[in-house]
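> First the structure, then my questions, so here it is.
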Amino acid sequence: MRNPVSIDIPSLGAGAAIAVVGALVLLDSSGAVELSLGWMAVALTAALGVILVLSGLARQPEHDDD
């Protein structure tokens with residue numbers, strides 16, 4: 001019998017966030033969209049926020065059974 005597949009949600013979310021930021025940089029460098037430094041900073045901050053939130057949600061709660 002096969003072992004069930006375990007999905008690492010923070011890694012999946014981080015990969016998606018980095019892919020979106022990369023797509024924005026690619027579109028900006030090709031001239032398809034015009035992004036200023038301010039909007040790029042917003043996109044990077046949002047990607048970092050997604051990664052941190054998913055990492056926090058994935059933590060297992062510690063039980064203190066004293």
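Just so we're on the same page: first chain in the structure tokens is A, next is B, and so on; residues restart at 1 for each chain, and ligands are numbered from 1 in the order they show up.
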So which residues touch A:Ala58 within 12 Å, counting only C-alpha atoms, skipping near sequence neighbours fewer than 5 positions away, as a PDB file with C-alpha atoms, in the first residue's frame?


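Writing done, so here's selection38.pdb:
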ATOM      1  CA  ILE A   7       1.675  18.551   0.752  1.00  0.00           C
ATOM      2  CA  ASP A   8       3.864  21.222   2.281  1.00  0.00           C
ATOM      3  CA  ILE A   9       1.518  24.223   2.159  1.00  0.00           C
ATOM      4  CA  PRO A  10       4.110  26.910   3.047  1.00  0.00           C
ATOM      5  CA  SER A  11       6.437  25.720   0.280  1.00  0.00           C
ATOM      6  CA  LEU A  12       3.600  25.584  -2.222  1.00  0.00           C
ATOM      7  CA  GLY A  13       2.441  29.084  -1.284  1.00  0.00           C
ATOM      8  CA  ILE A  51       4.861  33.297   2.921  1.00  0.00           C
ATOM      9  CA  LEU A  52       4.873  34.375   6.570  1.00  0.00           C
ATOM     10  CA  VAL A  53       1.130  33.806   7.047  1.00  0.00           C
TER      11      VAL A  53
END

> As a count of residues only, please: the residues near stretch 41-46 of chain A (cut-off 9 Å, only C-alpha atoms, same-chain neighbours under 6 positions excluded).

5

> Looking at only C-alpha atoms, which of A:Ala16, A:Gln60, A:Ser6, A:Gly31 is the one that sits closest to A:Ala47?

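Ranking A:Ala16, A:Gln60, A:Ser6, A:Gly31 by distance to A:Ala47, first place goes to A:Ala16.
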
> Output as a PyMOL selection string all residues of chain A that backbone DSSP marks as helix (DSSP H, G or I).

chain A and resi 9-30+37-58

> Counting only C-alpha atoms, which of A:Asn3, A:Gly56, A:Met40, A:Ala14 gets nearest to A:Leu26?

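Among A:Asn3, A:Gly56, A:Met40, A:Ala14, it is A:Met40 that comes nearest to A:Leu26.
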
> Just how far from atom CA of A:Leu54 is atom CA of A:Gly15, in Å to one decimal?

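If I compute the distance from atom CA of A:Gly15 to atom CA of A:Leu54, I get 11.7 Å.
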